[in-house]
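K.L.:
Got a structure for you, start.pdb, holding PDB, C-alpha atoms, pLDDT in the B column.
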ATOM      1  CA  MET R 211       0.000   0.000   0.000  1.00 94.00           C
ATOM      2  CA  PHE R 212       1.253   3.461  -0.921  1.00 97.00           C
ATOM      3  CA  VAL R 213       0.113   6.961  -0.088  1.00 97.00           C
ATOM      4  CA  ALA R 214       0.290   9.767  -2.645  1.00 98.00           C
ATOM      5  CA  LYS R 215       0.518  13.269  -1.176  1.00 98.00           C
ATOM      6  CA  ILE R 216      -0.332  16.017  -3.643  1.00 98.00           C
ATOM      7  CA  ASN R 217      -0.015  19.769  -3.128  1.00 97.00           C
ATOM      8  CA  VAL R 218      -1.894  21.775  -5.732  1.00 98.00           C
ATOM      9  CA  THR R 219      -1.152  25.497  -6.006  1.00 97.00           C
ATOM     10  CA  LEU R 220      -2.356  28.241  -8.288  1.00 96.00           C
ATOM     11  CA  LYS R 221       0.360  29.401 -10.684  1.00 96.00           C
ATOM     12  CA  GLU R 222       2.097  32.638  -9.701  1.00 93.00           C
ATOM     13  CA  SER R 223       0.366  34.610 -12.462  1.00 94.00           C
ATOM     14  CA  VAL R 224      -3.137  33.560 -11.363  1.00 96.00           C
ATOM     15  CA  LEU R 225      -5.054  35.794  -8.944  1.00 96.00           C
ATOM     16  CA  ASP R 226      -5.956  34.182  -5.601  1.00 96.00           C
ATOM     17  CA  PRO R 227      -8.912  36.069  -4.060  1.00 96.00           C
ATOM     18  CA  GLN R 228      -9.239  33.583  -1.187  1.00 96.00           C
ATOM     19  CA  GLY R 229      -5.597  34.068  -0.220  1.00 97.00           C
ATOM     20  CA  GLN R 230      -5.907  37.863  -0.540  1.00 97.00           C
ATOM     21  CA  THR R 231      -8.917  37.841   1.783  1.00 97.00           C
ATOM     22  CA  VAL R 232      -7.072  35.839   4.441  1.00 97.00           C
ATOM     23  CA  LEU R 233      -4.013  38.091   4.048  1.00 98.00           C
ATOM     24  CA  ARG R 234      -6.174  41.205   4.569  1.00 97.00           C
ATOM     25  CA  THR R 235      -7.650  39.645   7.717  1.00 97.00           C
ATOM     26  CA  LEU R 236      -4.134  39.048   9.075  1.00 97.00           C
ATOM     27  CA  HIS R 237      -3.117  42.640   8.287  1.00 97.00           C
ATOM     28  CA  ASP R 238      -6.289  43.906  10.009  1.00 97.00           C
ATOM     29  CA  GLN R 239      -5.102  41.954  13.069  1.00 96.00           C
ATOM     30  CA  GLY R 240      -1.761  43.767  12.916  1.00 96.00           C
ATOM     31  CA  LYS R 241       0.205  40.789  11.556  1.00 96.00           C
ATOM     32  CA  ASN R 242       1.951  42.910   8.930  1.00 96.00           C
ATOM     33  CA  THR R 243       5.053  40.721   8.732  1.00 97.00           C
ATOM     34  CA  VAL R 244       3.020  38.255   6.666  1.00 97.00           C
ATOM     35  CA  THR R 245       3.741  39.582   3.181  1.00 97.00           C
ATOM     36  CA  ASP R 246       2.032  37.013   0.974  1.00 97.00           C
ATOM     37  CA  LEU R 247      -0.428  34.153   1.347  1.00 97.00           C
ATOM     38  CA  ARG R 248      -1.741  31.692  -1.243  1.00 97.00           C
ATOM     39  CA  VAL R 249      -4.370  28.999  -0.711  1.00 97.00           C
ATOM     40  CA  GLY R 250      -4.238  25.715  -2.600  1.00 97.00           C
ATOM     41  CA  LYS R 251      -5.433  22.131  -2.224  1.00 97.00           C
ATOM     42  CA  TYR R 252      -3.875  19.139  -0.505  1.00 98.00           C
ATOM     43  CA  ILE R 253      -4.931  15.655  -1.530  1.00 98.00           C
ATOM     44  CA  GLU R 254      -3.967  12.348   0.096  1.00 97.00           C
ATOM     45  CA  MET R 255      -4.686   9.215  -1.865  1.00 97.00           C
ATOM     46  CA  LYS R 256      -4.111   5.571  -0.844  1.00 97.00           C
ATOM     47  CA  ILE R 257      -3.068   3.289  -3.684  1.00 97.00           C
ATOM     48  CA  ASP R 258      -2.921  -0.496  -3.571  1.00 97.00           C
ATOM     49  CA  ALA R 259      -0.091  -1.120  -6.038  1.00 95.00           C
ATOM     50  CA  SER R 260       2.561  -3.779  -6.525  1.00 94.00           C
ATOM     51  CA  SER R 261       5.467  -1.331  -6.614  1.00 95.00           C
ATOM     52  CA  GLN R 262       6.446   2.274  -6.002  1.00 96.00           C
ATOM     53  CA  SER R 263       6.806   2.955  -9.728  1.00 96.00           C
ATOM     54  CA  VAL R 264       3.313   1.609 -10.519  1.00 96.00           C
ATOM     55  CA  ALA R 265       1.835   3.756  -7.736  1.00 97.00           C
ATOM     56  CA  GLU R 266       3.743   6.826  -8.952  1.00 97.00           C
ATOM     57  CA  ALA R 267       2.628   6.376 -12.548  1.00 97.00           C
ATOM     58  CA  LEU R 268      -1.031   6.001 -11.521  1.00 97.00           C
ATOM     59  CA  ALA R 269      -0.862   8.995  -9.176  1.00 98.00           C
ATOM     60  CA  LYS R 270       0.704  11.154 -11.895  1.00 98.00           C
ATOM     61  CA  GLU R 271      -1.967  10.125 -14.402  1.00 97.00           C
ATOM     62  CA  ILE R 272      -4.762  10.913 -11.895  1.00 97.00           C
ATOM     63  CA  CYS R 273      -3.213  14.292 -11.077  1.00 97.00           C
ATOM     64  CA  GLU R 274      -3.021  15.313 -14.711  1.00 97.00           C
ATOM     65  CA  SER R 275      -6.404  13.947 -15.813  1.00 95.00           C
ATOM     66  CA  VAL R 276      -8.621  14.621 -12.775  1.00 95.00           C
ATOM     67  CA  LEU R 277      -7.128  16.560  -9.866  1.00 97.00           C
ATOM     68  CA  VAL R 278      -5.121  19.382 -11.416  1.00 97.00           C
ATOM     69  CA  ASN R 279      -6.070  21.978 -14.024  1.00 97.00           C
ATOM     70  CA  GLN R 280      -2.646  22.517 -15.524  1.00 96.00           C
ATOM     71  CA  VAL R 281      -3.692  25.713 -17.271  1.00 97.00           C
ATOM     72  CA  ILE R 282      -3.893  27.579 -13.955  1.00 97.00           C
ATOM     73  CA  GLU R 283      -2.458  25.150 -11.374  1.00 97.00           C
ATOM     74  CA  ALA R 284       0.830  23.447 -10.600  1.00 97.00           C
ATOM     75  CA  TYR R 285       1.297  20.379  -8.403  1.00 97.00           C
ATOM     76  CA  ARG R 286       3.903  18.564  -6.342  1.00 97.00           C
ATOM     77  CA  LEU R 287       3.495  14.814  -5.915  1.00 98.00           C
ATOM     78  CA  VAL R 288       5.207  12.593  -3.348  1.00 97.00           C
ATOM     79  CA  VAL R 289       4.492   8.847  -3.133  1.00 97.00           C
ATOM     80  CA  GLU R 290       5.452   7.005   0.072  1.00 97.00           C
ATOM     81  CA  LYS R 291       5.217   3.363   1.107  1.00 95.00           C
ATOM     82  CA  LEU R 292       2.801   2.796   3.998  1.00 90.00           C
TER
ATOM     83  CA  MET P 364      12.295  36.052   4.709  1.00 95.00           C
ATOM     84  CA  PHE P 365      10.699  32.729   5.556  1.00 97.00           C
ATOM     85  CA  VAL P 366       7.982  30.629   3.941  1.00 97.00           C
ATOM     86  CA  ALA P 367       5.470  28.680   6.034  1.00 98.00           C
ATOM     87  CA  LYS P 368       3.952  25.649   4.296  1.00 98.00           C
ATOM     88  CA  ILE P 369       0.797  24.388   5.942  1.00 98.00           C
ATOM     89  CA  ASN P 370      -1.146  21.226   5.102  1.00 97.00           C
ATOM     90  CA  VAL P 371      -4.623  21.186   6.622  1.00 98.00           C
ATOM     91  CA  THR P 372      -6.516  17.873   6.667  1.00 97.00           C
ATOM     92  CA  LEU P 373      -9.867  16.809   8.015  1.00 97.00           C
ATOM     93  CA  LYS P 374      -9.523  14.533  11.042  1.00 96.00           C
ATOM     94  CA  GLU P 375      -9.978  10.818  10.304  1.00 93.00           C
ATOM     95  CA  SER P 376     -13.386  10.728  12.016  1.00 94.00           C
ATOM     96  CA  VAL P 377     -14.804  13.584   9.909  1.00 96.00           C
ATOM     97  CA  LEU P 378     -16.699  12.754   6.726  1.00 96.00           C
ATOM     98  CA  ASP P 379     -15.170  14.129   3.501  1.00 96.00           C
ATOM     99  CA  PRO P 380     -17.895  14.320   0.810  1.00 96.00           C
ATOM    100  CA  GLN P 381     -15.560  16.079  -1.660  1.00 96.00           C
ATOM    101  CA  GLY P 382     -12.986  13.307  -1.352  1.00 97.00           C
ATOM    102  CA  GLN P 383     -15.684  10.616  -1.652  1.00 97.00           C
ATOM    103  CA  THR P 384     -16.986  12.217  -4.851  1.00 97.00           C
ATOM    104  CA  VAL P 385     -13.518  12.276  -6.434  1.00 97.00           C
ATOM    105  CA  LEU P 386     -12.927   8.667  -5.297  1.00 98.00           C
ATOM    106  CA  ARG P 387     -16.213   7.573  -6.917  1.00 97.00           C
ATOM    107  CA  THR P 388     -15.172   9.291 -10.164  1.00 97.00           C
ATOM    108  CA  LEU P 389     -11.862   7.385 -10.146  1.00 97.00           C
ATOM    109  CA  HIS P 390     -13.670   4.081  -9.507  1.00 97.00           C
ATOM    110  CA  ASP P 391     -16.084   4.863 -12.364  1.00 97.00           C
ATOM    111  CA  GLN P 392     -12.972   5.238 -14.560  1.00 96.00           C
ATOM    112  CA  GLY P 393     -11.826   1.770 -13.471  1.00 96.00           C
ATOM    113  CA  LYS P 394      -9.054   3.021 -11.164  1.00 96.00           C
ATOM    114  CA  ASN P 395     -10.061   0.641  -8.389  1.00 96.00           C
ATOM    115  CA  THR P 396      -6.593   0.409  -6.855  1.00 97.00           C
ATOM    116  CA  VAL P 397      -7.171   3.846  -5.321  1.00 97.00           C
ATOM    117  CA  THR P 398      -8.721   2.804  -2.001  1.00 97.00           C
ATOM    118  CA  ASP P 399      -9.073   6.133  -0.211  1.00 97.00           C
ATOM    119  CA  LEU P 400      -8.871   9.823  -1.034  1.00 97.00           C
ATOM    120  CA  ARG P 401      -9.158  12.868   1.219  1.00 97.00           C
ATOM    121  CA  VAL P 402      -9.123  16.508   0.174  1.00 98.00           C
ATOM    122  CA  GLY P 403      -7.643  19.208   2.387  1.00 97.00           C
ATOM    123  CA  LYS P 404      -6.118  22.659   2.085  1.00 97.00           C
ATOM    124  CA  TYR P 405      -2.554  23.777   1.390  1.00 98.00           C
ATOM    125  CA  ILE P 406      -1.475  27.254   2.423  1.00 98.00           C
ATOM    126  CA  GLU P 407       1.823  29.014   1.680  1.00 97.00           C
ATOM    127  CA  MET P 408       2.602  32.128   3.650  1.00 97.00           C
ATOM    128  CA  LYS P 409       5.635  34.435   3.352  1.00 98.00           C
ATOM    129  CA  ILE P 410       6.813  35.901   6.650  1.00 98.00           C
ATOM    130  CA  ASP P 411       9.313  38.715   7.073  1.00 97.00           C
ATOM    131  CA  ALA P 412      10.822  37.735  10.434  1.00 95.00           C
ATOM    132  CA  SER P 413      14.181  38.203  12.139  1.00 94.00           C
ATOM    133  CA  SER P 414      14.658  34.505  12.917  1.00 95.00           C
ATOM    134  CA  GLN P 415      13.297  31.042  12.226  1.00 96.00           C
ATOM    135  CA  SER P 416      11.831  30.762  15.727  1.00 96.00           C
ATOM    136  CA  VAL P 417       9.964  34.093  15.423  1.00 96.00           C
ATOM    137  CA  ALA P 418       8.545  32.999  12.058  1.00 97.00           C
ATOM    138  CA  GLU P 419       7.545  29.592  13.447  1.00 97.00           C
ATOM    139  CA  ALA P 420       5.805  31.104  16.468  1.00 97.00           C
ATOM    140  CA  LEU P 421       3.832  33.548  14.298  1.00 97.00           C
ATOM    141  CA  ALA P 422       2.891  30.841  11.789  1.00 98.00           C
ATOM    142  CA  LYS P 423       1.704  28.538  14.597  1.00 98.00           C
ATOM    143  CA  GLU P 424      -0.417  31.313  16.115  1.00 97.00           C
ATOM    144  CA  ILE P 425      -1.970  32.130  12.715  1.00 97.00           C
ATOM    145  CA  CYS P 426      -2.730  28.447  12.068  1.00 97.00           C
ATOM    146  CA  GLU P 427      -4.485  28.009  15.378  1.00 97.00           C
ATOM    147  CA  SER P 428      -6.363  31.332  15.406  1.00 95.00           C
ATOM    148  CA  VAL P 429      -7.297  31.801  11.735  1.00 95.00           C
ATOM    149  CA  LEU P 430      -6.471  29.002   9.310  1.00 97.00           C
ATOM    150  CA  VAL P 431      -7.369  25.769  11.095  1.00 97.00           C
ATOM    151  CA  ASN P 432     -10.559  24.690  12.853  1.00 97.00           C
ATOM    152  CA  GLN P 433      -8.998  22.323  15.358  1.00 96.00           C
ATOM    153  CA  VAL P 434     -12.344  20.733  16.222  1.00 97.00           C
ATOM    154  CA  ILE P 435     -12.490  18.989  12.838  1.00 97.00           C
ATOM    155  CA  GLU P 436      -9.086  19.647  11.253  1.00 97.00           C
ATOM    156  CA  ALA P 437      -5.441  18.806  11.880  1.00 97.00           C
ATOM    157  CA  TYR P 438      -2.436  20.598  10.376  1.00 97.00           C
ATOM    158  CA  ARG P 439       1.239  20.121   9.597  1.00 97.00           C
ATOM    159  CA  LEU P 440       3.441  23.210   9.543  1.00 98.00           C
ATOM    160  CA  VAL P 441       6.926  23.525   8.040  1.00 97.00           C
ATOM    161  CA  VAL P 442       8.832  26.833   8.068  1.00 97.00           C
ATOM    162  CA  GLU P 443      11.766  27.239   5.650  1.00 97.00           C
ATOM    163  CA  LYS P 444      14.235  30.059   5.063  1.00 96.00           C
ATOM    164  CA  LEU P 445      13.921  31.626   1.609  1.00 90.00           C
TER
END
Could you express the structure from this file as structure tokens?

P.N.:
Amino acid sequence: MFVAKINVTLKESVLDPQGQTVLRTLHDQGKNTVTDLRVGKYIEMKIDASSQSVAEALAKEICESVLVNQVIEAYRLVVEKL
Amino acid sequence: MFVAKINVTLKESVLDPQGQTVLRTLHDQGKNTVTDLRVGKYIEMKIDASSQSVAEALAKEICESVLVNQVIEAYRLVVEKL
């Protein structure tokens, strides 16, 4: 059994209204040393595969076909043995 | 300058309808080796602090007061120097 951990972030050039709202809240609270904040998704997926490379290939395919919109998002994928 | 990377996940006992919907989609596509999938949040925050420990303390306070609902969510925080 493997676990795939996927961090999905908006690309730098894409506006992030949710992050801007949280950042404004922090500034309203006086936390002005926080200079930037971006909100993305985190996905954990358990995969029953025979090897690390099979699990990685499946996870990559799922990221690119289902989980991530590569026009506006980037992702980082890590697959670990459970 | 430091960057705080925060993964927020629903606790194991909390239902995750978004994750279940994605999992059902994968099963409909025949990807039955994916046995579980949970969706959480990923937040990246830039902090202008004098030291790692100051940045970590501020990031922890922000997680617990603003970003994370500790009744239903857990988080992992990593602070790195930029």

K.L.:
Neighbourhood query: residues within 12 Å of (-6.1, 39.5, 8.6), file coordinates, counting all atoms listed in the file; return as number ranges by chain.

P.N.:
R: 228-247; P: 425, 428-430

K.L.:
I need the residues from that last selection saved to file as a CSV table (one decimal), in the coordinates of the input (with C-alpha atoms), if you can.

P.N.:
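Wrote it out as result_34.csv, contents follow:
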chain,number,residue,atom,x,y,z
R,228,GLN,CA,-9.2,33.6,-1.2
R,229,GLY,CA,-5.6,34.1,-0.2
R,230,GLN,CA,-5.9,37.9,-0.5
R,231,THR,CA,-8.9,37.8,1.8
R,232,VAL,CA,-7.1,35.8,4.4
R,233,LEU,CA,-4.0,38.1,4.0
R,234,ARG,CA,-6.2,41.2,4.6
R,235,THR,CA,-7.6,39.6,7.7
R,236,LEU,CA,-4.1,39.0,9.1
R,237,HIS,CA,-3.1,42.6,8.3
R,238,ASP,CA,-6.3,43.9,10.0
R,239,GLN,CA,-5.1,42.0,13.1
R,240,GLY,CA,-1.8,43.8,12.9
R,241,LYS,CA,0.2,40.8,11.6
R,242,ASN,CA,2.0,42.9,8.9
R,243,THR,CA,5.1,40.7,8.7
R,244,VAL,CA,3.0,38.3,6.7
R,245,THR,CA,3.7,39.6,3.2
R,246,ASP,CA,2.0,37.0,1.0
R,247,LEU,CA,-0.4,34.2,1.3
P,425,ILE,CA,-2.0,32.1,12.7
P,428,SER,CA,-6.4,31.3,15.4
P,429,VAL,CA,-7.3,31.8,11.7
P,430,LEU,CA,-6.5,29.0,9.3

K.L.:
Apply the PyMOL selection byres ((chain R) within 7 of (chain P)) to the structure shown and report the selected residues as a list in words.

P.N.:
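When the PyMOL selection byres ((chain R) within 7 of (chain P)) is applied to the shown file, the picked residues are Asn217, Thr243, Val244, Thr245, Asp246, Leu247, Arg248, Val249, Gly250, Lys251, Tyr252, Ile253, Glu254, Met255, Lys256, Ile257, Asp258 and Ala259 of chain R.
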
K.L.:
To one decimal place, how far is atom CA of R:Ala267 from atom CA of R:Glu290 in Å?

P.N.:
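It comes out at 12.9 Å.
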
K.L.:
Could you check how far atom CA of R:Glu283 sits from atom CA of P:Leu378, in Å to one decimal?

P.N.:
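Taking atom CA of R:Glu283 as the start and atom CA of P:Leu378 as the end point, the length is 26.2 Å.
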
K.L.:
If the box runs along x, y and z of the file and leaves 8 Å on each side of stretch 249-255 of chain R, what are its centre and edge lengths in Å, one decimal, as JSON?

P.N.:
{"center_x": -4.7, "center_y": 19.1, "center_z": -1.3, "size_x": 17.6, "size_y": 35.8, "size_z": 18.7}

K.L.:
Tell me which of P:Pro380, P:Arg439, P:Lys374, P:Lys444 sits closest to P:Ser413, counting all atoms listed in the file.

P.N.:
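Closest to P:Ser413, using all atoms listed in the file: P:Lys444.
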
K.L.:
Calculate how many Å separate atom CA of R:Val289 from atom CA of R:Glu266, rounding to one decimal.

P.N.:
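Atom-to-atom, atom CA of R:Val289 and atom CA of R:Glu266 are spaced 6.2 Å apart.
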